$ cat run.txt   # compact mmCIF, N, CA and C atoms
# COMPACT_ATOMS: atom_id res chain seq x y z
N MET A 24 -4.40 12.85 -27.91
CA MET A 24 -4.68 14.14 -27.33
C MET A 24 -4.66 14.04 -25.80
N ILE A 25 -4.01 14.97 -25.17
CA ILE A 25 -3.90 14.99 -23.72
C ILE A 25 -5.08 15.76 -23.13
N LYS A 26 -5.71 15.19 -22.12
CA LYS A 26 -6.84 15.84 -21.47
C LYS A 26 -6.33 16.92 -20.52
N PRO A 27 -7.08 17.99 -20.37
CA PRO A 27 -6.71 18.99 -19.37
C PRO A 27 -6.82 18.39 -17.96
N LEU A 28 -6.01 18.87 -17.06
CA LEU A 28 -5.97 18.33 -15.71
C LEU A 28 -7.32 18.44 -15.01
N SER A 29 -8.05 19.53 -15.23
CA SER A 29 -9.34 19.71 -14.55
C SER A 29 -10.34 18.66 -15.00
N GLN A 30 -10.32 18.30 -16.28
CA GLN A 30 -11.23 17.28 -16.78
C GLN A 30 -10.85 15.91 -16.18
N THR A 31 -9.56 15.64 -16.08
CA THR A 31 -9.09 14.39 -15.50
C THR A 31 -9.48 14.30 -14.03
N LEU A 32 -9.36 15.39 -13.29
CA LEU A 32 -9.71 15.39 -11.88
C LEU A 32 -11.21 15.23 -11.66
N ASN A 33 -12.03 15.81 -12.54
CA ASN A 33 -13.46 15.65 -12.40
C ASN A 33 -13.90 14.21 -12.63
N GLU A 34 -13.24 13.52 -13.57
CA GLU A 34 -13.55 12.12 -13.85
C GLU A 34 -12.88 11.21 -12.82
N GLY A 35 -11.76 11.61 -12.32
CA GLY A 35 -11.02 10.83 -11.34
C GLY A 35 -10.03 9.90 -11.99
N PHE A 36 -8.95 9.60 -11.29
CA PHE A 36 -7.96 8.65 -11.77
C PHE A 36 -7.30 7.97 -10.58
N ASP A 37 -6.77 6.77 -10.83
CA ASP A 37 -6.08 6.01 -9.79
C ASP A 37 -4.58 6.18 -9.93
N PHE A 38 -3.92 6.32 -8.79
CA PHE A 38 -2.47 6.44 -8.77
C PHE A 38 -1.96 6.00 -7.41
N LEU A 39 -1.02 5.07 -7.37
CA LEU A 39 -0.39 4.56 -6.16
C LEU A 39 -1.41 4.02 -5.14
N GLY A 40 -2.45 3.36 -5.63
CA GLY A 40 -3.45 2.78 -4.75
C GLY A 40 -4.50 3.75 -4.25
N TRP A 41 -4.45 4.98 -4.73
CA TRP A 41 -5.43 5.98 -4.34
C TRP A 41 -6.23 6.43 -5.54
N ASN A 42 -7.43 6.91 -5.28
CA ASN A 42 -8.28 7.48 -6.32
C ASN A 42 -8.37 8.98 -6.07
N PHE A 43 -7.98 9.77 -7.08
CA PHE A 43 -8.03 11.23 -7.01
C PHE A 43 -9.24 11.67 -7.82
N ARG A 44 -10.14 12.44 -7.19
CA ARG A 44 -11.33 12.90 -7.90
C ARG A 44 -11.91 14.11 -7.21
N LYS A 45 -12.45 15.01 -8.02
CA LYS A 45 -13.14 16.18 -7.47
C LYS A 45 -14.61 15.85 -7.30
N TYR A 46 -15.11 16.08 -6.10
CA TYR A 46 -16.54 15.92 -5.79
C TYR A 46 -17.06 17.31 -5.43
N ASN A 47 -17.98 17.81 -6.23
CA ASN A 47 -18.55 19.15 -6.03
C ASN A 47 -17.46 20.21 -5.88
N GLY A 48 -16.45 20.13 -6.71
CA GLY A 48 -15.38 21.11 -6.72
C GLY A 48 -14.30 20.90 -5.67
N LYS A 49 -14.45 19.89 -4.83
CA LYS A 49 -13.46 19.64 -3.78
C LYS A 49 -12.70 18.34 -4.10
N LEU A 50 -11.39 18.42 -4.10
CA LEU A 50 -10.55 17.26 -4.39
C LEU A 50 -10.53 16.32 -3.19
N LEU A 51 -10.91 15.06 -3.41
CA LEU A 51 -10.85 14.04 -2.37
C LEU A 51 -9.96 12.91 -2.86
N ILE A 52 -9.12 12.44 -1.98
CA ILE A 52 -8.23 11.32 -2.27
C ILE A 52 -8.67 10.17 -1.38
N LYS A 53 -9.03 9.05 -2.02
CA LYS A 53 -9.52 7.88 -1.31
C LYS A 53 -8.74 6.65 -1.74
N PRO A 54 -8.77 5.58 -0.94
CA PRO A 54 -8.18 4.33 -1.42
C PRO A 54 -8.94 3.86 -2.66
N SER A 55 -8.22 3.42 -3.67
CA SER A 55 -8.87 2.99 -4.92
C SER A 55 -9.59 1.67 -4.72
N LYS A 56 -10.57 1.42 -5.57
CA LYS A 56 -11.32 0.16 -5.50
C LYS A 56 -10.41 -1.02 -5.77
N LYS A 57 -9.44 -0.84 -6.67
CA LYS A 57 -8.47 -1.91 -6.95
C LYS A 57 -7.65 -2.23 -5.71
N SER A 58 -7.24 -1.20 -4.99
CA SER A 58 -6.43 -1.39 -3.78
C SER A 58 -7.24 -2.12 -2.72
N ILE A 59 -8.49 -1.74 -2.55
CA ILE A 59 -9.36 -2.40 -1.57
C ILE A 59 -9.57 -3.86 -1.96
N LYS A 60 -9.79 -4.11 -3.24
CA LYS A 60 -10.01 -5.48 -3.71
C LYS A 60 -8.75 -6.33 -3.51
N ARG A 61 -7.61 -5.79 -3.84
CA ARG A 61 -6.34 -6.51 -3.69
C ARG A 61 -6.07 -6.82 -2.22
N PHE A 62 -6.33 -5.85 -1.35
CA PHE A 62 -6.14 -6.06 0.08
C PHE A 62 -7.07 -7.14 0.61
N THR A 63 -8.34 -7.10 0.19
CA THR A 63 -9.30 -8.12 0.60
C THR A 63 -8.85 -9.51 0.15
N GLU A 64 -8.35 -9.61 -1.08
CA GLU A 64 -7.87 -10.89 -1.59
C GLU A 64 -6.66 -11.39 -0.79
N THR A 65 -5.77 -10.49 -0.43
CA THR A 65 -4.60 -10.86 0.37
C THR A 65 -5.02 -11.40 1.73
N ILE A 66 -5.94 -10.72 2.39
CA ILE A 66 -6.43 -11.17 3.69
C ILE A 66 -7.14 -12.51 3.54
N SER A 67 -7.96 -12.63 2.51
CA SER A 67 -8.70 -13.87 2.27
C SER A 67 -7.75 -15.05 2.05
N GLN A 68 -6.73 -14.84 1.25
CA GLN A 68 -5.76 -15.91 0.99
C GLN A 68 -5.00 -16.29 2.25
N THR A 69 -4.66 -15.31 3.07
CA THR A 69 -3.95 -15.59 4.31
C THR A 69 -4.83 -16.41 5.26
N ILE A 70 -6.10 -16.05 5.35
CA ILE A 70 -7.01 -16.79 6.22
C ILE A 70 -7.24 -18.20 5.69
N LYS A 71 -7.36 -18.33 4.37
CA LYS A 71 -7.54 -19.67 3.78
C LYS A 71 -6.31 -20.54 4.01
N LYS A 72 -5.12 -19.94 3.90
CA LYS A 72 -3.89 -20.67 4.18
C LYS A 72 -3.83 -21.10 5.64
N GLY A 73 -4.43 -20.32 6.51
CA GLY A 73 -4.35 -20.56 7.94
C GLY A 73 -5.55 -21.26 8.52
N MET A 74 -6.25 -22.05 7.73
CA MET A 74 -7.43 -22.76 8.26
C MET A 74 -7.08 -23.63 9.46
N ALA A 75 -5.89 -24.17 9.50
CA ALA A 75 -5.50 -25.05 10.61
C ALA A 75 -4.67 -24.32 11.67
N TRP A 76 -4.37 -23.05 11.47
CA TRP A 76 -3.57 -22.29 12.42
C TRP A 76 -4.38 -21.99 13.67
N SER A 77 -3.69 -21.78 14.76
CA SER A 77 -4.36 -21.32 15.97
C SER A 77 -4.75 -19.84 15.78
N GLN A 78 -5.58 -19.37 16.66
CA GLN A 78 -5.99 -17.97 16.60
C GLN A 78 -4.80 -17.05 16.77
N GLU A 79 -3.88 -17.39 17.64
CA GLU A 79 -2.70 -16.56 17.88
C GLU A 79 -1.84 -16.43 16.63
N VAL A 80 -1.62 -17.55 15.95
CA VAL A 80 -0.80 -17.53 14.74
C VAL A 80 -1.50 -16.74 13.64
N LEU A 81 -2.80 -16.93 13.51
CA LEU A 81 -3.57 -16.19 12.50
C LEU A 81 -3.47 -14.69 12.75
N ILE A 82 -3.64 -14.27 13.98
CA ILE A 82 -3.54 -12.85 14.31
C ILE A 82 -2.13 -12.33 14.02
N ALA A 83 -1.13 -13.13 14.37
CA ALA A 83 0.26 -12.72 14.13
C ALA A 83 0.55 -12.56 12.64
N LYS A 84 -0.08 -13.35 11.80
CA LYS A 84 0.11 -13.25 10.34
C LYS A 84 -0.67 -12.08 9.76
N LEU A 85 -1.87 -11.84 10.27
CA LEU A 85 -2.74 -10.80 9.70
C LEU A 85 -2.37 -9.39 10.16
N ASN A 86 -1.91 -9.25 11.38
CA ASN A 86 -1.63 -7.91 11.92
C ASN A 86 -0.67 -7.08 11.06
N PRO A 87 0.47 -7.61 10.62
CA PRO A 87 1.37 -6.78 9.82
C PRO A 87 0.75 -6.37 8.47
N ILE A 88 -0.05 -7.24 7.90
CA ILE A 88 -0.70 -6.92 6.62
C ILE A 88 -1.69 -5.78 6.83
N ILE A 89 -2.52 -5.91 7.86
CA ILE A 89 -3.54 -4.89 8.14
C ILE A 89 -2.88 -3.59 8.56
N ARG A 90 -1.87 -3.67 9.42
CA ARG A 90 -1.19 -2.46 9.90
C ARG A 90 -0.56 -1.70 8.73
N GLY A 91 0.10 -2.41 7.84
CA GLY A 91 0.74 -1.76 6.70
C GLY A 91 -0.25 -1.05 5.80
N TRP A 92 -1.34 -1.73 5.48
CA TRP A 92 -2.34 -1.14 4.58
C TRP A 92 -3.01 0.07 5.23
N THR A 93 -3.38 -0.06 6.51
CA THR A 93 -4.06 1.06 7.17
C THR A 93 -3.12 2.25 7.38
N ASN A 94 -1.86 1.99 7.70
CA ASN A 94 -0.92 3.11 7.84
C ASN A 94 -0.72 3.84 6.52
N TYR A 95 -0.67 3.09 5.41
CA TYR A 95 -0.48 3.72 4.10
C TYR A 95 -1.68 4.59 3.74
N HIS A 96 -2.88 4.13 4.03
CA HIS A 96 -4.09 4.85 3.63
C HIS A 96 -4.66 5.74 4.72
N ASN A 97 -3.99 5.86 5.84
CA ASN A 97 -4.49 6.65 6.96
C ASN A 97 -4.51 8.15 6.67
N SER A 98 -3.69 8.62 5.76
CA SER A 98 -3.56 10.06 5.52
C SER A 98 -4.59 10.60 4.53
N VAL A 99 -5.42 9.73 3.97
CA VAL A 99 -6.42 10.17 3.00
C VAL A 99 -7.82 9.89 3.54
N VAL A 100 -8.85 10.20 2.77
CA VAL A 100 -10.23 9.98 3.19
C VAL A 100 -10.50 8.47 3.12
N SER A 101 -10.33 7.78 4.25
CA SER A 101 -10.37 6.33 4.21
C SER A 101 -11.34 5.70 5.21
N SER A 102 -12.10 6.49 5.91
CA SER A 102 -13.00 5.96 6.94
C SER A 102 -14.01 4.99 6.35
N ASP A 103 -14.62 5.33 5.21
CA ASP A 103 -15.59 4.43 4.58
C ASP A 103 -14.93 3.13 4.15
N ALA A 104 -13.73 3.22 3.59
CA ALA A 104 -13.00 2.02 3.17
C ALA A 104 -12.67 1.15 4.37
N PHE A 105 -12.28 1.76 5.49
CA PHE A 105 -11.97 1.00 6.70
C PHE A 105 -13.21 0.26 7.20
N GLN A 106 -14.36 0.91 7.15
CA GLN A 106 -15.60 0.27 7.61
C GLN A 106 -15.96 -0.92 6.71
N ILE A 107 -15.81 -0.74 5.41
CA ILE A 107 -16.10 -1.83 4.46
C ILE A 107 -15.16 -3.00 4.73
N LEU A 108 -13.87 -2.71 4.88
CA LEU A 108 -12.90 -3.77 5.11
C LEU A 108 -13.08 -4.43 6.47
N ASP A 109 -13.44 -3.67 7.47
CA ASP A 109 -13.71 -4.22 8.78
C ASP A 109 -14.80 -5.29 8.68
N HIS A 110 -15.85 -4.97 7.96
CA HIS A 110 -16.96 -5.92 7.79
C HIS A 110 -16.52 -7.14 6.98
N ARG A 111 -15.78 -6.93 5.91
CA ARG A 111 -15.32 -8.06 5.09
C ARG A 111 -14.41 -8.99 5.88
N ILE A 112 -13.50 -8.41 6.64
CA ILE A 112 -12.58 -9.24 7.44
C ILE A 112 -13.35 -9.97 8.52
N TRP A 113 -14.33 -9.30 9.12
CA TRP A 113 -15.15 -9.97 10.12
C TRP A 113 -15.84 -11.19 9.51
N LYS A 114 -16.40 -11.05 8.31
CA LYS A 114 -17.06 -12.19 7.66
C LYS A 114 -16.08 -13.31 7.37
N LEU A 115 -14.87 -12.97 6.92
CA LEU A 115 -13.85 -13.99 6.65
C LEU A 115 -13.45 -14.72 7.94
N LEU A 116 -13.30 -13.98 9.02
CA LEU A 116 -12.93 -14.60 10.29
C LEU A 116 -14.07 -15.44 10.85
N TRP A 117 -15.30 -15.00 10.64
CA TRP A 117 -16.45 -15.78 11.08
C TRP A 117 -16.48 -17.13 10.34
N THR A 118 -16.23 -17.09 9.03
CA THR A 118 -16.18 -18.31 8.24
C THR A 118 -15.06 -19.23 8.74
N TRP A 119 -13.91 -18.63 9.05
CA TRP A 119 -12.78 -19.39 9.59
C TRP A 119 -13.17 -20.09 10.89
N ALA A 120 -13.82 -19.35 11.78
CA ALA A 120 -14.20 -19.90 13.08
C ALA A 120 -15.27 -20.97 12.94
N LYS A 121 -16.25 -20.75 12.06
CA LYS A 121 -17.31 -21.74 11.86
C LYS A 121 -16.74 -23.02 11.26
N ARG A 122 -15.75 -22.91 10.40
CA ARG A 122 -15.15 -24.09 9.80
C ARG A 122 -14.38 -24.90 10.85
N ARG A 123 -13.76 -24.21 11.79
CA ARG A 123 -13.01 -24.91 12.84
C ARG A 123 -13.93 -25.63 13.82
N HIS A 124 -15.14 -25.12 13.99
CA HIS A 124 -16.07 -25.69 14.97
C HIS A 124 -17.47 -25.81 14.35
N PRO A 125 -17.65 -26.73 13.40
CA PRO A 125 -18.93 -26.81 12.69
C PRO A 125 -20.10 -27.26 13.57
N ASN A 126 -19.82 -27.95 14.65
CA ASN A 126 -20.90 -28.48 15.50
C ASN A 126 -21.17 -27.62 16.73
N LYS A 127 -20.49 -26.51 16.86
CA LYS A 127 -20.69 -25.62 18.00
C LYS A 127 -21.69 -24.52 17.65
N SER A 128 -22.32 -23.97 18.68
CA SER A 128 -23.30 -22.91 18.45
C SER A 128 -22.60 -21.58 18.15
N LYS A 129 -23.36 -20.64 17.62
CA LYS A 129 -22.83 -19.31 17.32
C LYS A 129 -22.35 -18.62 18.60
N ASP A 130 -23.13 -18.75 19.66
CA ASP A 130 -22.74 -18.13 20.94
C ASP A 130 -21.42 -18.69 21.45
N TRP A 131 -21.22 -20.00 21.33
CA TRP A 131 -19.98 -20.62 21.77
C TRP A 131 -18.80 -20.06 20.99
N ILE A 132 -18.97 -19.95 19.67
CA ILE A 132 -17.90 -19.43 18.80
C ILE A 132 -17.58 -17.98 19.14
N VAL A 133 -18.61 -17.18 19.34
CA VAL A 133 -18.41 -15.77 19.70
C VAL A 133 -17.65 -15.67 21.01
N ASN A 134 -18.05 -16.45 22.00
CA ASN A 134 -17.40 -16.39 23.31
C ASN A 134 -15.95 -16.88 23.26
N LYS A 135 -15.66 -17.80 22.36
CA LYS A 135 -14.30 -18.33 22.27
C LYS A 135 -13.35 -17.37 21.56
N TYR A 136 -13.78 -16.75 20.46
CA TYR A 136 -12.88 -15.98 19.61
C TYR A 136 -13.02 -14.46 19.72
N TRP A 137 -14.18 -13.95 20.09
CA TRP A 137 -14.37 -12.51 20.15
C TRP A 137 -14.58 -12.08 21.60
N LYS A 138 -13.82 -11.08 22.01
CA LYS A 138 -13.88 -10.58 23.38
C LYS A 138 -14.29 -9.11 23.38
N ARG A 139 -14.90 -8.70 24.47
CA ARG A 139 -15.28 -7.30 24.64
C ARG A 139 -14.10 -6.47 25.10
N SER A 140 -14.11 -5.19 24.70
CA SER A 140 -13.16 -4.24 25.24
C SER A 140 -13.92 -2.96 25.55
N THR A 141 -13.23 -1.96 26.04
CA THR A 141 -13.91 -0.71 26.38
C THR A 141 -14.36 0.04 25.13
N SER A 142 -13.64 -0.14 24.01
CA SER A 142 -13.97 0.63 22.82
C SER A 142 -14.81 -0.15 21.80
N ARG A 143 -14.81 -1.47 21.88
CA ARG A 143 -15.52 -2.29 20.89
C ARG A 143 -16.15 -3.51 21.53
N ARG A 144 -17.26 -3.93 20.94
CA ARG A 144 -17.91 -5.13 21.42
C ARG A 144 -17.27 -6.39 20.85
N TRP A 145 -16.80 -6.34 19.62
CA TRP A 145 -16.28 -7.51 18.94
C TRP A 145 -14.78 -7.35 18.68
N ASN A 146 -13.96 -7.88 19.55
CA ASN A 146 -12.51 -7.90 19.34
C ASN A 146 -12.09 -9.34 19.11
N PHE A 147 -11.52 -9.62 17.96
CA PHE A 147 -10.99 -10.95 17.66
C PHE A 147 -9.67 -11.05 18.40
N ARG A 148 -9.70 -11.69 19.57
CA ARG A 148 -8.51 -11.73 20.41
C ARG A 148 -8.48 -13.01 21.25
N THR A 149 -7.28 -13.33 21.71
CA THR A 149 -7.13 -14.48 22.59
C THR A 149 -7.23 -14.02 24.03
N GLU A 150 -7.68 -14.90 24.87
CA GLU A 150 -7.81 -14.54 26.28
C GLU A 150 -6.52 -14.81 27.03
N ARG A 151 -5.82 -15.85 26.60
CA ARG A 151 -4.63 -16.30 27.33
C ARG A 151 -3.53 -15.23 27.36
N ASN A 152 -3.15 -14.74 26.18
CA ASN A 152 -2.04 -13.77 26.18
C ASN A 152 -2.44 -12.41 25.61
N GLY A 153 -3.72 -12.22 25.35
CA GLY A 153 -4.21 -10.92 24.93
C GLY A 153 -3.88 -10.53 23.51
N TYR A 154 -3.48 -11.51 22.66
CA TYR A 154 -3.25 -11.17 21.25
C TYR A 154 -4.52 -10.57 20.68
N CYS A 155 -4.36 -9.50 19.99
CA CYS A 155 -5.52 -8.80 19.45
C CYS A 155 -5.17 -8.22 18.10
N PHE A 156 -6.19 -8.07 17.27
CA PHE A 156 -5.97 -7.41 15.99
C PHE A 156 -5.54 -5.97 16.23
N PHE A 157 -4.81 -5.45 15.30
CA PHE A 157 -4.35 -4.06 15.33
C PHE A 157 -5.53 -3.12 15.42
N GLN A 158 -5.42 -2.11 16.26
CA GLN A 158 -6.40 -1.04 16.32
C GLN A 158 -5.70 0.29 16.14
N LYS A 159 -6.35 1.15 15.38
CA LYS A 159 -5.79 2.49 15.18
C LYS A 159 -5.85 3.26 16.49
N PRO A 160 -5.07 4.33 16.62
CA PRO A 160 -5.12 5.14 17.84
C PRO A 160 -6.53 5.65 18.11
N GLU A 161 -6.83 5.94 19.35
CA GLU A 161 -8.19 6.30 19.74
C GLU A 161 -8.67 7.60 19.13
N SER A 162 -7.79 8.43 18.61
CA SER A 162 -8.22 9.70 18.04
C SER A 162 -8.93 9.51 16.71
N THR A 163 -8.79 8.33 16.09
CA THR A 163 -9.46 8.06 14.82
C THR A 163 -10.34 6.83 14.99
N ASP A 164 -11.04 6.43 13.91
CA ASP A 164 -11.91 5.27 13.97
C ASP A 164 -11.10 4.00 14.26
N THR A 165 -11.69 3.09 15.00
CA THR A 165 -11.02 1.82 15.25
C THR A 165 -11.20 0.92 14.04
N PHE A 166 -10.23 0.10 13.79
CA PHE A 166 -10.29 -0.84 12.67
C PHE A 166 -9.88 -2.19 13.18
N LEU A 167 -10.79 -3.10 13.15
CA LEU A 167 -10.60 -4.45 13.66
C LEU A 167 -10.26 -4.36 15.08
$ encode --input "run.txt" --output "structure tokens"
Amino acid sequence: MIKPLSQTLNEGFDFLGWNFRKYNGKLLIKPSKKSIKRFTETISQTIKKGMAWSQEVLIAKLNPIIRGWTNYHNSVVSSDAFQILDHRIWKLLWTWAKRRHPNKSKDWIVNKYWKRSTSRRWNFRTERNGYCFFQKPESTDTFL
């Protein structure tokens, strides 16, 4: 038996990495939990592969992955997902940095890998050539 569309929308369904669901009668399209999980695993695997990479190489590998995912999900209600992923990626990068310098203090690691900018306190970037994680345009929330 086929369910009516209204019943399916009230319960929600996943399609093309998005979750379609009505909340209080209003249709909201968000990145699906599966998509968020898959993206997190991709970033995690890339960082694990790059344990010995320099910061510049790691940023160069991660930027296209992050840019592609954020551009795909930018047109839907994705601010909460971006905040969750921002925190998860920060934790993965912190683990990466701590592993590279196990005998250094937290302040030393922060000063080496994270730099201040006008829009954010924590930018994972290099000082030498200014490599930085992708940031969305200023009209929307910043991501990494």
$ residues_around --input "run.txt" --residues "segment 118-135 of chain A" --least-positions-apart "6" --cutoff "8 Å" --atoms "only N, CA and C atoms" --output "list in words"
Ile70, Lys71, Gly73, Met74, Ala75, Ile112, Phe147, Arg148, Thr149 and Glu150 of chain A
$ atom_distance --input "run.txt" --atom1 "atom N of Ile89 of chain A" --atom2 "atom CA of Ser67 of chain A"
11.5 Å
$ atom_distance --input "run.txt" --atom1 "atom C of Asn42 of chain A" --atom2 "atom C of Ile66 of chain A"
23.6 Å
$ closest_residue --input "run.txt" --among "A:Phe105, A:Trp113, A:Trp145, A:Trp76" --to "Lys53 of chain A" --atoms "only C-alpha atoms"
A:Phe105
$ residues_around --input "run.txt" --residues "Leu51 of chain A" --least-positions-apart "4" --cutoff "6.5 Å" --atoms "all atoms listed in the file" --output "PyMOL selection string"
chain A and resi 42-46+100
$ closest_residue --input "run.txt" --among "A:Ser101, A:Lys84, A:Gly35, A:Arg111" --to "Lys60 of chain A" --atoms "only C-alpha atoms"
A:Arg111
$ atom_distance --input "run.txt" --atom1 "atom CA of Pro54 of chain A" --atom2 "atom C of His96 of chain A"
7.2 Å
$ select_by_dssp --input "run.txt" --residues "chain A" --states "helix (DSSP H, G or I)" --output "ChimeraX atom specification"
/A:28-34,56-72,78-96,102-123,129-136
$ select_by_dssp --input "run.txt" --residues "chain A" --states "strand (DSSP E)" --output "MDAnalysis selection string"
chainID A and resid 36:38 41:46 49:54 137:138 146:147
$ axis_aligned_box --input "run.txt" --around "segment 68-78 of chain A" --padding-each-side "4 Å" --output "lines of an AutoDock Vina configuration file"
center_x = -5.6
center_y = -19.9
center_z = 8.9
size_x = 12.0
size_y = 18.2
size_z = 23.8
$ build_atoms --input "run.txt" --residues "segment 65-73 of chain A" --atoms "all heavy atoms" --output "tab-separated table (two decimals), in the frame of the given file"
chain	number	residue	atom	x	y	z
A	65	THR	N	-5.77	-10.49	-0.43
A	65	THR	CA	-4.60	-10.86	0.37
A	65	THR	C	-5.02	-11.40	1.73
A	65	THR	O	-4.53	-12.45	2.18
A	65	THR	CB	-3.67	-9.65	0.57
A	65	THR	OG1	-3.29	-9.15	-0.70
A	65	THR	CG2	-2.44	-10.01	1.38
A	66	ILE	N	-5.94	-10.72	2.39
A	66	ILE	CA	-6.43	-11.17	3.69
A	66	ILE	C	-7.14	-12.51	3.54
A	66	ILE	O	-6.94	-13.43	4.33
A	66	ILE	CB	-7.38	-10.11	4.32
A	66	ILE	CG1	-6.62	-8.84	4.66
A	66	ILE	CG2	-8.10	-10.66	5.54
A	66	ILE	CD1	-5.60	-8.98	5.76
A	67	SER	N	-7.96	-12.63	2.51
A	67	SER	CA	-8.70	-13.87	2.27
A	67	SER	C	-7.75	-15.05	2.05
A	67	SER	O	-7.94	-16.13	2.64
A	67	SER	CB	-9.62	-13.70	1.07
A	67	SER	OG	-10.27	-14.90	0.77
A	68	GLN	N	-6.73	-14.84	1.25
A	68	GLN	CA	-5.76	-15.91	0.99
A	68	GLN	C	-5.00	-16.29	2.25
A	68	GLN	O	-4.73	-17.47	2.50
A	68	GLN	CB	-4.78	-15.49	-0.11
A	68	GLN	CG	-5.40	-15.39	-1.49
A	68	GLN	CD	-6.07	-16.69	-1.92
A	68	GLN	OE1	-5.51	-17.76	-1.74
A	68	GLN	NE2	-7.27	-16.58	-2.45
A	69	THR	N	-4.66	-15.31	3.07
A	69	THR	CA	-3.95	-15.59	4.31
A	69	THR	C	-4.83	-16.41	5.26
A	69	THR	O	-4.36	-17.37	5.87
A	69	THR	CB	-3.52	-14.27	5.00
A	69	THR	OG1	-2.75	-13.51	4.08
A	69	THR	CG2	-2.72	-14.53	6.26
A	70	ILE	N	-6.10	-16.05	5.35
A	70	ILE	CA	-7.01	-16.79	6.22
A	70	ILE	C	-7.24	-18.20	5.69
A	70	ILE	O	-7.27	-19.17	6.45
A	70	ILE	CB	-8.33	-16.02	6.41
A	70	ILE	CG1	-8.09	-14.74	7.23
A	70	ILE	CG2	-9.39	-16.88	7.08
A	70	ILE	CD1	-9.27	-13.81	7.34
A	71	LYS	N	-7.36	-18.33	4.37
A	71	LYS	CA	-7.54	-19.67	3.78
A	71	LYS	C	-6.31	-20.54	4.01
A	71	LYS	O	-6.42	-21.73	4.29
A	71	LYS	CB	-7.84	-19.56	2.29
A	71	LYS	CG	-9.26	-19.13	2.01
A	71	LYS	CD	-9.52	-19.00	0.54
A	71	LYS	CE	-10.92	-18.44	0.32
A	71	LYS	NZ	-11.16	-18.08	-1.08
A	72	LYS	N	-5.12	-19.94	3.90
A	72	LYS	CA	-3.89	-20.67	4.18
A	72	LYS	C	-3.83	-21.10	5.64
A	72	LYS	O	-3.26	-22.14	5.96
A	72	LYS	CB	-2.67	-19.78	3.90
A	72	LYS	CG	-1.85	-20.20	2.71
A	72	LYS	CD	-0.52	-19.49	2.69
A	72	LYS	CE	-0.68	-18.05	2.27
A	72	LYS	NZ	0.60	-17.36	2.11
A	73	GLY	N	-4.43	-20.32	6.51
A	73	GLY	CA	-4.35	-20.56	7.94
A	73	GLY	C	-5.55	-21.26	8.52
A	73	GLY	O	-5.85	-21.08	9.71
